[in-house]
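A short worksheet on the structure shown next.
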Amino acid sequence: MPKSGSTSKITRRTALAGLSASVALFAMPRIGHAADETIRIGFPTPLTGPFAAEARDQVKCAELAVKLVNDKGGISGRKVELLVRDDKLNAGEAATRTLELIEKDKVHAVVGALSSAVQLAVNEVTRARGVIYVSISQSDTINEAKDFSKYTFHEALNPHMTTAAVARQTLKKGMKVAHLVADYAYGHEMLRGFKRAQASIGADNVGEILHPFGAADYSTFIPRLMSMRPDVLCISNFGRDQANAIKQAVDFGVKRQMKIVVPVILHNQRLAVGPDVFEGVVGGANYYWGLEAQSKSAAAFNTAFKAANGGAIPTDYGAYGYSGVGSLLAAMQTAGGTDTDKVVDALEKLQYDLTKGPQHYRKCDHQSVQSVLVLESKKKSAMAGENDLFAILANDASSDDMLRSCSELGHAT
Amino acid sequence: MTRPSSGEVLAKSAPSGLGRILDHRVLLSIAVLALLPWLLPSKALAVNVLIYGVVVMGYNLLFGYTGLLSFGQAAFFGAGAYFTGIAIGRYGVPWFAAVPIAVLLSTGLAALIGVVSTRTRGIYFSMVTLALAQLVYYVALQAASFTGGENGLRGFTVDRISLFGLQVNFLDPVNKYYVLMGFAGLAMWFQSRILNSPFGAVIEAIRENEQRARACGYDVERSKLVVFMLSGAISSLGGCMLALHLSIVPLDILHYQTSGMIVMMVLLGGARSFFGPFVGAASFLILEDVVSLWTPHWQIFVGAIFVLFVLFLPKGIWGTLLDAIGVGKARQ
């Protein structure tokens, strides 16, 4: 009995010692956290799904922005790291990934998303936890007081300013306008923007048709649109849908009767389909590489991107990744670190010019006030090279007047 | 889907040594789930396993135990989430009241869908449930002022909860996990009670042979409807948990792809086993989570693994494991 008792005592002691040692071991890494910790930026984006091409460009450009900062020694000596996650274009998945980024990876801020619903989901998670989020996808809703928070920033254009610029360039008083619209938030917001612009210009709405998101066949919609006999057909959809819709409209001979206008003319979709189909199509854009003739910052951005990506040129949605991450890092640079309140303050005061001219975040809704380009797809014979896709019809300088007023959005003024 | 296995129904009556341990399947399951946040790569993933585990468990009642292959379970998952979100965000109902309200309303929805669908059999049942669930999807899409439409439901973040007089920070992932685990435990206890009741024997009798069950004097139609509602109720609780967890309700939750995912999870884990749904949810989500980190083509791998399971392990991971250690017969 005593003997077995003594052995059991030893085991208990050993067990206790082992236990405390392992507890100490687990506690160790927590002590190691110091000021020179890496700055981590979470980047949820739909690497799979119909917007994958645009998402990959966003990642490349965001990585470039991070690399440029790191090459100059980081922020107050701290290196920056970009944590890219696939949100699968699904709001629930994006919310989960964002939770992981915040809870497990302890990111200091989040940039990203490429859909209205997804960015609103990410925003809901980040704002509840006081984490800065810079959205780089078009949305009007995120500007509104209901979804806004001190931590919410919107670097992308919004449908209101995009459609206003395109309409100013393409519509005239008395013109008849028909709409083909993707039946989800993006399409609805673009349609609303166009109709508002039409009303102020005095153009007439002759009809609108909604098509399901991700539709492959537009043959039933196009004859109905043609029978409305409009002067202009506005096609408000995104990604592959844009290429499919325009291609089929052109096959039906739409361009002989009317002009095709899109809110956002996509670099990748134009490349995917070819010049003949897109010829003469007019649309808005946040960025086009050809801007380098007019803008020094565009030239610098193009050069940096080419150097990092084997001579490839940056695209429109890619540029959002660059300016979204770039503006955030610039604000962190000013704030001297990652203290959230200081960075928010710095972002609100920031005047930045990363890709195309001066930009700043409006105080009331944190919408980036920036220039809007209106582009026209070039004829094949007029193209100087394979990347010479668009002619710049207009470059509307950035101004607060482009946006809906703070009081209209429900912000206290 | 309703392959008869010998002694399935009778096994309950004779508890042996192993059987006695399995009598405490709810406590055992909870014990395993309690360790989950410390075993998985992230707490958010652990909460998702919990949520989908509950949803799939509810579905297992319908598919595994009663043999009704529904393709519309997402309707109840989504309804639970939407009702919880709307109750909290729009009507200011406290969270602990919002959950039972949402479960009750979802059970009502299950009654409606069940009345129509349980009149049909086999492939027709699957199609009718699919169609009615899509109807729910489009209602949620159109009723944008209530549901947020395409943008999803937002604005009902529960950040602080008071638990027996104790203020708990609900944004903390560990607190959140254990609070939601309480709900999961409740659901497991409820499901275990159903399965151990005479009604539990009736639904299995229906699965084994509907004609014989009817000949024995059981009201097959009503039993099917009741089990459809119970299954909807349990799955909707998973929806409530999702709403509390993510503080958004994505519209995709109601999509038929979610229903498909639920079917995949139950097959992966093992239909007709009590803990199988949790194993299925965990393996599916971990696969998706881990594989998608190193390749954007994660679907190829997950798809291939799923096909291999259907071909070689039709009883799923948990079912096969239980068979291997010899408790397959007693696991009911």
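Following the order of the structure tokens, first chain is A, next is B, and so on, with residues numbered from 1 inside each chain and ligands from 1 in the order they appear.
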
Would you give me, as CSV, each residue of chain A having an atom within 9 Å of an atom of chain B, along with its shortest atom pair and that distance in Å to one decimal, using only C-alpha atoms and sorting by chain and residue number?
```
residue,atom,partner,partner_atom,distance
A:Leu47,CA,B:Pro296,CA,6.3
A:Thr48,CA,B:Pro296,CA,6.0
A:Val84,CA,B:Leu293,CA,8.9
A:Arg85,CA,B:Leu293,CA,7.2
A:Asp86,CA,B:Ser292,CA,7.2
A:Asn90,CA,B:Asp252,CA,7.1
A:Ala91,CA,B:Pro250,CA,5.5
A:Gly92,CA,B:Pro250,CA,5.6
A:Ala95,CA,B:Leu246,CA,6.3
A:Thr96,CA,B:Ala44,CA,6.2
A:Arg97,CA,B:Ala44,CA,8.0
A:Leu99,CA,B:Ala44,CA,6.3
A:Glu100,CA,B:Ala44,CA,5.8
A:Glu103,CA,B:Pro173,CA,7.2
A:Lys104,CA,B:Ser42,CA,6.2
A:Ser116,CA,B:Asn151,CA,6.4
A:Ala117,CA,B:Asn151,CA,4.1
A:Val118,CA,B:Asn151,CA,7.7
A:Leu120,CA,B:Asn151,CA,7.1
A:Ala121,CA,B:Ile248,CA,6.3
A:Glu124,CA,B:Arg154,CA,7.0
A:Val125,CA,B:Ser247,CA,7.2
A:Ala128,CA,B:Thr157,CA,7.1
A:Arg129,CA,B:Leu171,CA,7.4
A:Thr141,CA,B:Asn151,CA,8.9
A:Lys146,CA,B:Gly155,CA,7.8
A:Asp147,CA,B:Gly155,CA,7.6
A:Asp183,CA,B:Glu150,CA,9.0
A:Tyr184,CA,B:Glu150,CA,5.9
A:Ala185,CA,B:Glu150,CA,5.8
```

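When the distance limit is 10 Å and only C-alpha atoms are what count, the residues near Ile317 of chain B, minus those fewer than 6 positions from it on the same chain, are Val266, Leu267, Leu268, Gly269, Gly270, Ala271, Gly276, Pro277, Val279, Gly280, Ser283 and Phe309 of chain B.
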
Output of the above residues as a PDB file, in the first residue's frame, restricted to C-alpha atoms:
```
ATOM      1  CA  VAL B 266     -25.801  13.853 -44.209  1.00  0.00           C
ATOM      2  CA  LEU B 267     -24.488  11.338 -46.736  1.00  0.00           C
ATOM      3  CA  LEU B 268     -20.898  12.183 -45.862  1.00  0.00           C
ATOM      4  CA  GLY B 269     -21.452  11.818 -42.123  1.00  0.00           C
ATOM      5  CA  GLY B 270     -23.858   8.940 -42.202  1.00  0.00           C
ATOM      6  CA  ALA B 271     -27.628   9.014 -42.434  1.00  0.00           C
ATOM      7  CA  GLY B 276     -23.314  11.410 -38.099  1.00  0.00           C
ATOM      8  CA  PRO B 277     -24.730  14.823 -39.080  1.00  0.00           C
ATOM      9  CA  VAL B 279     -19.363  14.448 -38.469  1.00  0.00           C
ATOM     10  CA  GLY B 280     -20.717  15.165 -41.956  1.00  0.00           C
ATOM     11  CA  SER B 283     -15.851  17.004 -42.682  1.00  0.00           C
ATOM     12  CA  PHE B 309     -17.901   8.224 -50.460  1.00  0.00           C
TER      13      PHE B 309
END
```

With DSSP run on the backbone, what are the helix (DSSP H, G or I) residues within segment 110-239 of chain B? I'd like them as an mmCIF file with N, CA and C atoms, in the first residue's frame.
```
data_model
loop_
_atom_site.group_PDB
_atom_site.id
_atom_site.type_symbol
_atom_site.label_atom_id
_atom_site.label_comp_id
_atom_site.auth_asym_id
_atom_site.auth_seq_id
_atom_site.Cartn_x
_atom_site.Cartn_y
_atom_site.Cartn_z
ATOM 1 N N ALA B 110 -43.206 24.780 -42.076
ATOM 2 C CA ALA B 110 -42.992 23.358 -42.363
ATOM 3 C C ALA B 110 -44.333 22.636 -42.450
ATOM 4 N N ALA B 111 -45.299 23.050 -41.623
ATOM 5 C CA ALA B 111 -46.619 22.433 -41.677
ATOM 6 C C ALA B 111 -47.262 22.684 -43.038
ATOM 7 N N LEU B 112 -47.146 23.941 -43.510
ATOM 8 C CA LEU B 112 -47.719 24.300 -44.816
ATOM 9 C C LEU B 112 -47.098 23.474 -45.933
ATOM 10 N N ILE B 113 -45.744 23.481 -45.967
ATOM 11 C CA ILE B 113 -45.054 22.754 -47.030
ATOM 12 C C ILE B 113 -45.289 21.255 -46.879
ATOM 13 N N GLY B 114 -45.332 20.805 -45.614
ATOM 14 C CA GLY B 114 -45.519 19.383 -45.345
ATOM 15 C C GLY B 114 -46.885 18.881 -45.791
ATOM 16 N N VAL B 115 -47.931 19.676 -45.562
ATOM 17 C CA VAL B 115 -49.285 19.269 -45.948
ATOM 18 C C VAL B 115 -49.328 18.954 -47.444
ATOM 19 N N VAL B 116 -48.658 19.801 -48.226
ATOM 20 C CA VAL B 116 -48.670 19.591 -49.678
ATOM 21 C C VAL B 116 -47.735 18.450 -50.071
ATOM 22 N N SER B 117 -46.517 18.469 -49.519
ATOM 23 C CA SER B 117 -45.497 17.570 -50.063
ATOM 24 C C SER B 117 -45.621 16.135 -49.560
ATOM 25 N N GLY B 122 -41.565 9.384 -53.106
ATOM 26 C CA GLY B 122 -40.382 9.176 -53.953
ATOM 27 C C GLY B 122 -39.891 10.451 -54.610
ATOM 28 N N ILE B 123 -39.621 10.359 -55.896
ATOM 29 C CA ILE B 123 -39.045 11.478 -56.627
ATOM 30 C C ILE B 123 -39.990 12.682 -56.628
ATOM 31 N N TYR B 124 -41.312 12.420 -56.589
ATOM 32 C CA TYR B 124 -42.271 13.524 -56.599
ATOM 33 C C TYR B 124 -42.158 14.341 -55.317
ATOM 34 N N PHE B 125 -41.937 13.613 -54.214
ATOM 35 C CA PHE B 125 -41.758 14.296 -52.934
ATOM 36 C C PHE B 125 -40.530 15.218 -53.012
ATOM 37 N N SER B 126 -39.432 14.691 -53.558
ATOM 38 C CA SER B 126 -38.209 15.496 -53.673
ATOM 39 C C SER B 126 -38.463 16.744 -54.505
ATOM 40 N N MET B 127 -39.164 16.558 -55.626
ATOM 41 C CA MET B 127 -39.401 17.691 -56.527
ATOM 42 C C MET B 127 -40.333 18.723 -55.912
ATOM 43 N N VAL B 128 -41.379 18.250 -55.237
ATOM 44 C CA VAL B 128 -42.327 19.193 -54.634
ATOM 45 C C VAL B 128 -41.643 19.999 -53.535
ATOM 46 N N THR B 129 -40.827 19.327 -52.709
ATOM 47 C CA THR B 129 -40.140 20.081 -51.651
ATOM 48 C C THR B 129 -39.166 21.091 -52.269
ATOM 49 N N LEU B 130 -38.490 20.674 -53.339
ATOM 50 C CA LEU B 130 -37.567 21.587 -54.017
ATOM 51 C C LEU B 130 -38.312 22.810 -54.536
ATOM 52 N N ALA B 131 -39.450 22.564 -55.192
ATOM 53 C CA ALA B 131 -40.203 23.662 -55.791
ATOM 54 C C ALA B 131 -40.728 24.613 -54.722
ATOM 55 N N LEU B 132 -41.269 24.045 -53.643
ATOM 56 C CA LEU B 132 -41.839 24.903 -52.600
ATOM 57 C C LEU B 132 -40.736 25.696 -51.896
ATOM 58 N N ALA B 133 -39.564 25.074 -51.739
ATOM 59 C CA ALA B 133 -38.460 25.793 -51.098
ATOM 60 C C ALA B 133 -38.005 26.948 -51.993
ATOM 61 N N GLN B 134 -38.009 26.743 -53.298
ATOM 62 C CA GLN B 134 -37.650 27.832 -54.219
ATOM 63 C C GLN B 134 -38.668 28.964 -54.138
ATOM 64 N N LEU B 135 -39.918 28.571 -53.892
ATOM 65 C CA LEU B 135 -40.970 29.574 -53.702
ATOM 66 C C LEU B 135 -40.613 30.472 -52.513
ATOM 67 N N VAL B 136 -40.162 29.833 -51.442
ATOM 68 C CA VAL B 136 -39.761 30.594 -50.253
ATOM 69 C C VAL B 136 -38.594 31.513 -50.598
ATOM 70 N N TYR B 137 -37.664 30.998 -51.399
ATOM 71 C CA TYR B 137 -36.510 31.802 -51.826
ATOM 72 C C TYR B 137 -36.987 33.066 -52.534
ATOM 73 N N TYR B 138 -37.914 32.896 -53.478
ATOM 74 C CA TYR B 138 -38.355 34.068 -54.238
ATOM 75 C C TYR B 138 -39.185 35.025 -53.408
ATOM 76 N N VAL B 139 -39.911 34.496 -52.444
ATOM 77 C CA VAL B 139 -40.635 35.396 -51.544
ATOM 78 C C VAL B 139 -39.634 36.266 -50.782
ATOM 79 N N ALA B 140 -38.561 35.638 -50.291
ATOM 80 C CA ALA B 140 -37.549 36.396 -49.547
ATOM 81 C C ALA B 140 -36.862 37.412 -50.448
ATOM 82 N N LEU B 141 -36.672 37.050 -51.710
ATOM 83 C CA LEU B 141 -36.026 37.961 -52.655
ATOM 84 C C LEU B 141 -36.916 39.169 -52.926
ATOM 85 N N GLN B 142 -38.219 38.917 -53.064
ATOM 86 C CA GLN B 142 -39.133 39.995 -53.437
ATOM 87 C C GLN B 142 -39.509 40.868 -52.241
ATOM 88 N N ALA B 144 -38.269 42.631 -50.165
ATOM 89 C CA ALA B 144 -36.992 43.247 -49.791
ATOM 90 C C ALA B 144 -37.106 44.157 -48.575
ATOM 91 N N SER B 145 -38.286 44.757 -48.360
ATOM 92 C CA SER B 145 -38.380 45.680 -47.228
ATOM 93 C C SER B 145 -38.301 44.912 -45.910
ATOM 94 N N PHE B 146 -38.689 43.629 -45.926
ATOM 95 C CA PHE B 146 -38.576 42.808 -44.724
ATOM 96 C C PHE B 146 -37.235 42.094 -44.639
ATOM 97 N N THR B 147 -36.788 41.566 -45.780
ATOM 98 C CA THR B 147 -35.663 40.629 -45.761
ATOM 99 C C THR B 147 -34.359 41.246 -46.261
ATOM 100 N N GLY B 149 -33.846 41.628 -49.279
ATOM 101 C CA GLY B 149 -33.746 41.109 -50.651
ATOM 102 C C GLY B 149 -32.385 40.535 -50.948
ATOM 103 N N GLU B 150 -31.898 40.884 -52.124
ATOM 104 C CA GLU B 150 -30.615 40.385 -52.609
ATOM 105 C C GLU B 150 -29.455 40.748 -51.668
ATOM 106 N N ASN B 151 -29.536 41.914 -51.056
ATOM 107 C CA ASN B 151 -28.454 42.362 -50.184
ATOM 108 C C ASN B 151 -28.392 41.603 -48.867
ATOM 109 N N PRO B 173 -15.604 34.971 -29.709
ATOM 110 C CA PRO B 173 -15.929 33.706 -30.373
ATOM 111 C C PRO B 173 -16.133 32.534 -29.424
ATOM 112 N N VAL B 174 -15.410 32.501 -28.317
ATOM 113 C CA VAL B 174 -15.542 31.360 -27.402
ATOM 114 C C VAL B 174 -16.886 31.406 -26.679
ATOM 115 N N ASN B 175 -17.242 32.598 -26.175
ATOM 116 C CA ASN B 175 -18.550 32.741 -25.522
ATOM 117 C C ASN B 175 -19.659 32.353 -26.479
ATOM 118 N N LYS B 176 -19.525 32.878 -27.703
ATOM 119 C CA LYS B 176 -20.564 32.636 -28.695
ATOM 120 C C LYS B 176 -20.708 31.132 -28.935
ATOM 121 N N TYR B 177 -19.573 30.459 -29.056
ATOM 122 C CA TYR B 177 -19.623 29.025 -29.329
ATOM 123 C C TYR B 177 -20.378 28.278 -28.246
ATOM 124 N N TYR B 178 -20.047 28.572 -26.978
ATOM 125 C CA TYR B 178 -20.660 27.778 -25.920
ATOM 126 C C TYR B 178 -22.128 28.134 -25.710
ATOM 127 N N VAL B 179 -22.495 29.384 -25.974
ATOM 128 C CA VAL B 179 -23.924 29.718 -25.890
ATOM 129 C C VAL B 179 -24.685 28.955 -26.977
ATOM 130 N N LEU B 180 -24.136 28.983 -28.206
ATOM 131 C CA LEU B 180 -24.814 28.284 -29.300
ATOM 132 C C LEU B 180 -24.792 26.765 -29.084
ATOM 133 N N MET B 181 -23.753 26.279 -28.398
ATOM 134 C CA MET B 181 -23.684 24.847 -28.111
ATOM 135 C C MET B 181 -24.841 24.446 -27.186
ATOM 136 N N GLY B 182 -25.244 25.388 -26.327
ATOM 137 C CA GLY B 182 -26.403 25.134 -25.479
ATOM 138 C C GLY B 182 -27.636 24.828 -26.333
ATOM 139 N N PHE B 183 -27.819 25.623 -27.396
ATOM 140 C CA PHE B 183 -28.947 25.391 -28.300
ATOM 141 C C PHE B 183 -28.812 24.026 -28.980
ATOM 142 N N ALA B 184 -27.585 23.739 -29.421
ATOM 143 C CA ALA B 184 -27.357 22.470 -30.113
ATOM 144 C C ALA B 184 -27.662 21.310 -29.169
ATOM 145 N N GLY B 185 -27.250 21.447 -27.897
ATOM 146 C CA GLY B 185 -27.510 20.406 -26.913
ATOM 147 C C GLY B 185 -29.000 20.171 -26.742
ATOM 148 N N LEU B 186 -29.741 21.273 -26.692
ATOM 149 C CA LEU B 186 -31.193 21.202 -26.559
ATOM 150 C C LEU B 186 -31.795 20.452 -27.746
ATOM 151 N N ALA B 187 -31.319 20.796 -28.929
ATOM 152 C CA ALA B 187 -31.837 20.152 -30.134
ATOM 153 C C ALA B 187 -31.518 18.666 -30.128
ATOM 154 N N MET B 188 -30.313 18.314 -29.660
ATOM 155 C CA MET B 188 -29.928 16.904 -29.634
ATOM 156 C C MET B 188 -30.784 16.122 -28.647
ATOM 157 N N TRP B 189 -31.023 16.752 -27.492
ATOM 158 C CA TRP B 189 -31.856 16.088 -26.492
ATOM 159 C C TRP B 189 -33.249 15.846 -27.067
ATOM 160 N N PHE B 190 -33.777 16.850 -27.740
ATOM 161 C CA PHE B 190 -35.107 16.775 -28.330
ATOM 162 C C PHE B 190 -35.171 15.657 -29.368
ATOM 163 N N GLN B 191 -34.166 15.630 -30.234
ATOM 164 C CA GLN B 191 -34.139 14.609 -31.278
ATOM 165 C C GLN B 191 -34.002 13.221 -30.667
ATOM 166 N N SER B 192 -33.169 13.112 -29.641
ATOM 167 C CA SER B 192 -32.972 11.827 -28.986
ATOM 168 C C SER B 192 -34.286 11.341 -28.359
ATOM 169 N N ARG B 193 -35.021 12.262 -27.755
ATOM 170 C CA ARG B 193 -36.318 11.938 -27.155
ATOM 171 C C ARG B 193 -37.271 11.417 -28.234
ATOM 172 N N ILE B 194 -37.312 12.117 -29.370
ATOM 173 C CA ILE B 194 -38.203 11.690 -30.450
ATOM 174 C C ILE B 194 -37.862 10.267 -30.879
ATOM 175 N N LEU B 195 -36.557 10.029 -31.065
ATOM 176 C CA LEU B 195 -36.140 8.732 -31.583
ATOM 177 C C LEU B 195 -36.421 7.608 -30.588
ATOM 178 N N ASN B 196 -36.369 7.927 -29.296
ATOM 179 C CA ASN B 196 -36.604 6.901 -28.287
ATOM 180 C C ASN B 196 -38.087 6.687 -27.996
ATOM 181 N N PRO B 198 -42.193 6.029 -28.870
ATOM 182 C CA PRO B 198 -42.905 5.130 -29.789
ATOM 183 C C PRO B 198 -43.013 5.748 -31.190
ATOM 184 N N PHE B 199 -43.154 7.077 -31.236
ATOM 185 C CA PHE B 199 -43.240 7.753 -32.529
ATOM 186 C C PHE B 199 -41.969 7.503 -33.346
ATOM 187 N N GLY B 200 -40.823 7.494 -32.653
ATOM 188 C CA GLY B 200 -39.557 7.218 -33.322
ATOM 189 C C GLY B 200 -39.565 5.849 -33.983
ATOM 190 N N ALA B 201 -40.180 4.889 -33.307
ATOM 191 C CA ALA B 201 -40.266 3.548 -33.882
ATOM 192 C C ALA B 201 -41.203 3.554 -35.089
ATOM 193 N N VAL B 202 -42.263 4.359 -34.986
ATOM 194 C CA VAL B 202 -43.232 4.415 -36.094
ATOM 195 C C VAL B 202 -42.582 4.944 -37.367
ATOM 196 N N ILE B 203 -41.801 6.038 -37.243
ATOM 197 C CA ILE B 203 -41.222 6.607 -38.475
ATOM 198 C C ILE B 203 -40.231 5.629 -39.093
ATOM 199 N N GLU B 204 -39.531 4.882 -38.248
ATOM 200 C CA GLU B 204 -38.605 3.902 -38.827
ATOM 201 C C GLU B 204 -39.371 2.761 -39.475
ATOM 202 N N ALA B 205 -40.501 2.429 -38.889
ATOM 203 C CA ALA B 205 -41.346 1.391 -39.499
ATOM 204 C C ALA B 205 -41.818 1.870 -40.874
ATOM 205 N N ILE B 206 -42.148 3.159 -40.958
ATOM 206 C CA ILE B 206 -42.592 3.717 -42.244
ATOM 207 C C ILE B 206 -41.465 3.627 -43.266
ATOM 208 N N ARG B 207 -40.240 3.932 -42.816
ATOM 209 C CA ARG B 207 -39.108 3.858 -43.726
ATOM 210 C C ARG B 207 -38.906 2.427 -44.234
ATOM 211 N N GLU B 208 -39.025 1.460 -43.305
ATOM 212 C CA GLU B 208 -38.763 0.074 -43.690
ATOM 213 C C GLU B 208 -39.838 -0.470 -44.614
ATOM 214 N N GLU B 210 -43.746 0.981 -45.731
ATOM 215 C CA GLU B 210 -44.875 1.878 -45.502
ATOM 216 C C GLU B 210 -46.200 1.106 -45.441
ATOM 217 N N GLN B 211 -46.343 0.130 -46.358
ATOM 218 C CA GLN B 211 -47.600 -0.643 -46.403
ATOM 219 C C GLN B 211 -47.831 -1.393 -45.095
ATOM 220 N N ARG B 212 -46.726 -1.993 -44.620
ATOM 221 C CA ARG B 212 -46.865 -2.780 -43.404
ATOM 222 C C ARG B 212 -47.200 -1.882 -42.212
ATOM 223 N N ALA B 213 -46.564 -0.712 -42.178
ATOM 224 C CA ALA B 213 -46.846 0.227 -41.085
ATOM 225 C C ALA B 213 -48.317 0.612 -41.101
ATOM 226 N N ARG B 214 -48.842 0.825 -42.309
ATOM 227 C CA ARG B 214 -50.254 1.196 -42.427
ATOM 228 C C ARG B 214 -51.130 0.030 -41.977
ATOM 229 N N ALA B 215 -50.724 -1.163 -42.380
ATOM 230 C CA ALA B 215 -51.497 -2.357 -42.020
ATOM 231 C C ALA B 215 -51.493 -2.582 -40.506
ATOM 232 N N VAL B 220 -49.972 6.682 -41.295
ATOM 233 C CA VAL B 220 -48.743 6.994 -42.013
ATOM 234 C C VAL B 220 -48.715 8.460 -42.446
ATOM 235 N N GLU B 221 -49.821 8.938 -42.992
ATOM 236 C CA GLU B 221 -49.835 10.309 -43.526
ATOM 237 C C GLU B 221 -49.562 11.321 -42.424
ATOM 238 N N ARG B 222 -50.257 11.121 -41.293
ATOM 239 C CA ARG B 222 -50.070 12.102 -40.233
ATOM 240 C C ARG B 222 -48.661 12.002 -39.637
ATOM 241 N N SER B 223 -48.151 10.790 -39.508
ATOM 242 C CA SER B 223 -46.798 10.633 -38.970
ATOM 243 C C SER B 223 -45.786 11.352 -39.864
ATOM 244 N N LYS B 224 -45.969 11.209 -41.172
ATOM 245 C CA LYS B 224 -45.047 11.879 -42.092
ATOM 246 C C LYS B 224 -45.102 13.390 -41.922
ATOM 247 N N LEU B 225 -46.339 13.894 -41.794
ATOM 248 C CA LEU B 225 -46.478 15.341 -41.633
ATOM 249 C C LEU B 225 -45.815 15.799 -40.338
ATOM 250 N N VAL B 226 -46.045 15.039 -39.264
ATOM 251 C CA VAL B 226 -45.471 15.429 -37.975
ATOM 252 C C VAL B 226 -43.952 15.391 -38.040
ATOM 253 N N VAL B 227 -43.402 14.356 -38.655
ATOM 254 C CA VAL B 227 -41.947 14.257 -38.702
ATOM 255 C C VAL B 227 -41.377 15.359 -39.607
ATOM 256 N N PHE B 228 -42.127 15.728 -40.626
ATOM 257 C CA PHE B 228 -41.695 16.821 -41.501
ATOM 258 C C PHE B 228 -41.615 18.124 -40.701
ATOM 259 N N MET B 229 -42.608 18.338 -39.847
ATOM 260 C CA MET B 229 -42.615 19.558 -39.031
ATOM 261 C C MET B 229 -41.502 19.533 -37.992
ATOM 262 N N LEU B 230 -41.300 18.380 -37.353
ATOM 263 C CA LEU B 230 -40.246 18.284 -36.335
ATOM 264 C C LEU B 230 -38.876 18.521 -36.980
ATOM 265 N N SER B 231 -38.698 17.917 -38.142
ATOM 266 C CA SER B 231 -37.449 18.079 -38.856
ATOM 267 C C SER B 231 -37.223 19.557 -39.216
ATOM 268 N N GLY B 232 -38.292 20.205 -39.694
ATOM 269 C CA GLY B 232 -38.209 21.629 -40.020
ATOM 270 C C GLY B 232 -37.886 22.451 -38.788
ATOM 271 N N ALA B 233 -38.497 22.096 -37.654
ATOM 272 C CA ALA B 233 -38.276 22.853 -36.424
ATOM 273 C C ALA B 233 -36.803 22.781 -36.013
ATOM 274 N N ILE B 234 -36.239 21.576 -36.053
ATOM 275 C CA ILE B 234 -34.842 21.426 -35.620
ATOM 276 C C ILE B 234 -33.902 22.156 -36.585
ATOM 277 N N SER B 235 -34.152 21.996 -37.884
ATOM 278 C CA SER B 235 -33.299 22.690 -38.851
ATOM 279 C C SER B 235 -33.421 24.205 -38.708
ATOM 280 N N SER B 236 -34.628 24.673 -38.391
ATOM 281 C CA SER B 236 -34.796 26.126 -38.264
ATOM 282 C C SER B 236 -34.031 26.652 -37.054
ATOM 283 N N LEU B 237 -33.861 25.820 -36.038
ATOM 284 C CA LEU B 237 -33.058 26.248 -34.884
ATOM 285 C C LEU B 237 -31.617 26.509 -35.340
ATOM 286 N N GLY B 238 -31.142 25.671 -36.268
ATOM 287 C CA GLY B 238 -29.821 25.927 -36.852
ATOM 288 C C GLY B 238 -29.784 27.291 -37.523
ATOM 289 N N GLY B 239 -30.891 27.640 -38.190
ATOM 290 C CA GLY B 239 -30.985 28.958 -38.829
ATOM 291 C C GLY B 239 -30.901 30.078 -37.809
#
```

For His108 of chain A: contacts at 7 Å, only C-alpha atoms, fewer than 3 positions along chain excluded, given as a PyMOL selection string: chain A and resi 39-41+131+338

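Nearest-residue note for Phe275 of chain B: choosing from B:Leu35, B:Val93, B:Leu322, B:Ile51, the minimum distance belongs to B:Leu322, counting only C-alpha atoms.
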
Close residues, segment 317-332 of chain A itself excluded, 8 Å, only C-alpha atoms, min 5 positions apart in chain, as a ChimeraX atom specification: /A:54-66,69,75,111-112,134-137,155-156,286-287,337-338,343-344,346-347,350,352,354-355

Atom-to-atom span, atom CA of Asp353 of chain A and atom CA of Asn123 of chain A, Å: 24.9 Å

All residues 6 Å or closer to segment 221-232 of chain A, only C-alpha atoms, same chain fewer than 3 positions away omitted, as a ChimeraX atom specification: /A:176-178,218,258-260

Residue nearest Thr340 of chain A - candidates A:Ala307, A:Ile142, A:His188, A:Thr152, atoms counted: only C-alpha atoms: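 Checking each of A:Ala307, A:Ile142, A:His188, A:Thr152 against Thr340 of chain A, counting only C-alpha atoms, the winner is A:Thr152.
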
Would you mind listing what lies within 10 Å of Trp95 of chain B as a compact mmCIF listing (two decimals) with C-alpha atoms, in the first residue's frame, with only C-alpha atoms counted and same-chain residues fewer than 4 positions away left out?
```txt
# COMPACT_ATOMS: atom_id res chain seq x y z
CA THR B 84 -34.78 35.54 -35.88
CA GLY B 85 -33.18 38.48 -37.69
CA ALA B 87 -37.73 39.69 -34.88
CA ILE B 88 -34.59 41.21 -33.38
CA GLY B 89 -33.83 43.90 -35.95
CA VAL B 99 -35.31 32.13 -31.15
CA PRO B 100 -38.43 30.29 -29.95
CA ILE B 101 -40.63 32.65 -31.98
CA PHE B 156 -29.54 42.98 -35.89
CA VAL B 158 -26.38 40.86 -30.91
CA ILE B 161 -26.25 39.07 -23.91
CA SER B 162 -27.30 38.64 -20.36
CA CYS B 240 -31.56 30.92 -35.62
CA LEU B 244 -26.97 35.03 -34.08
```
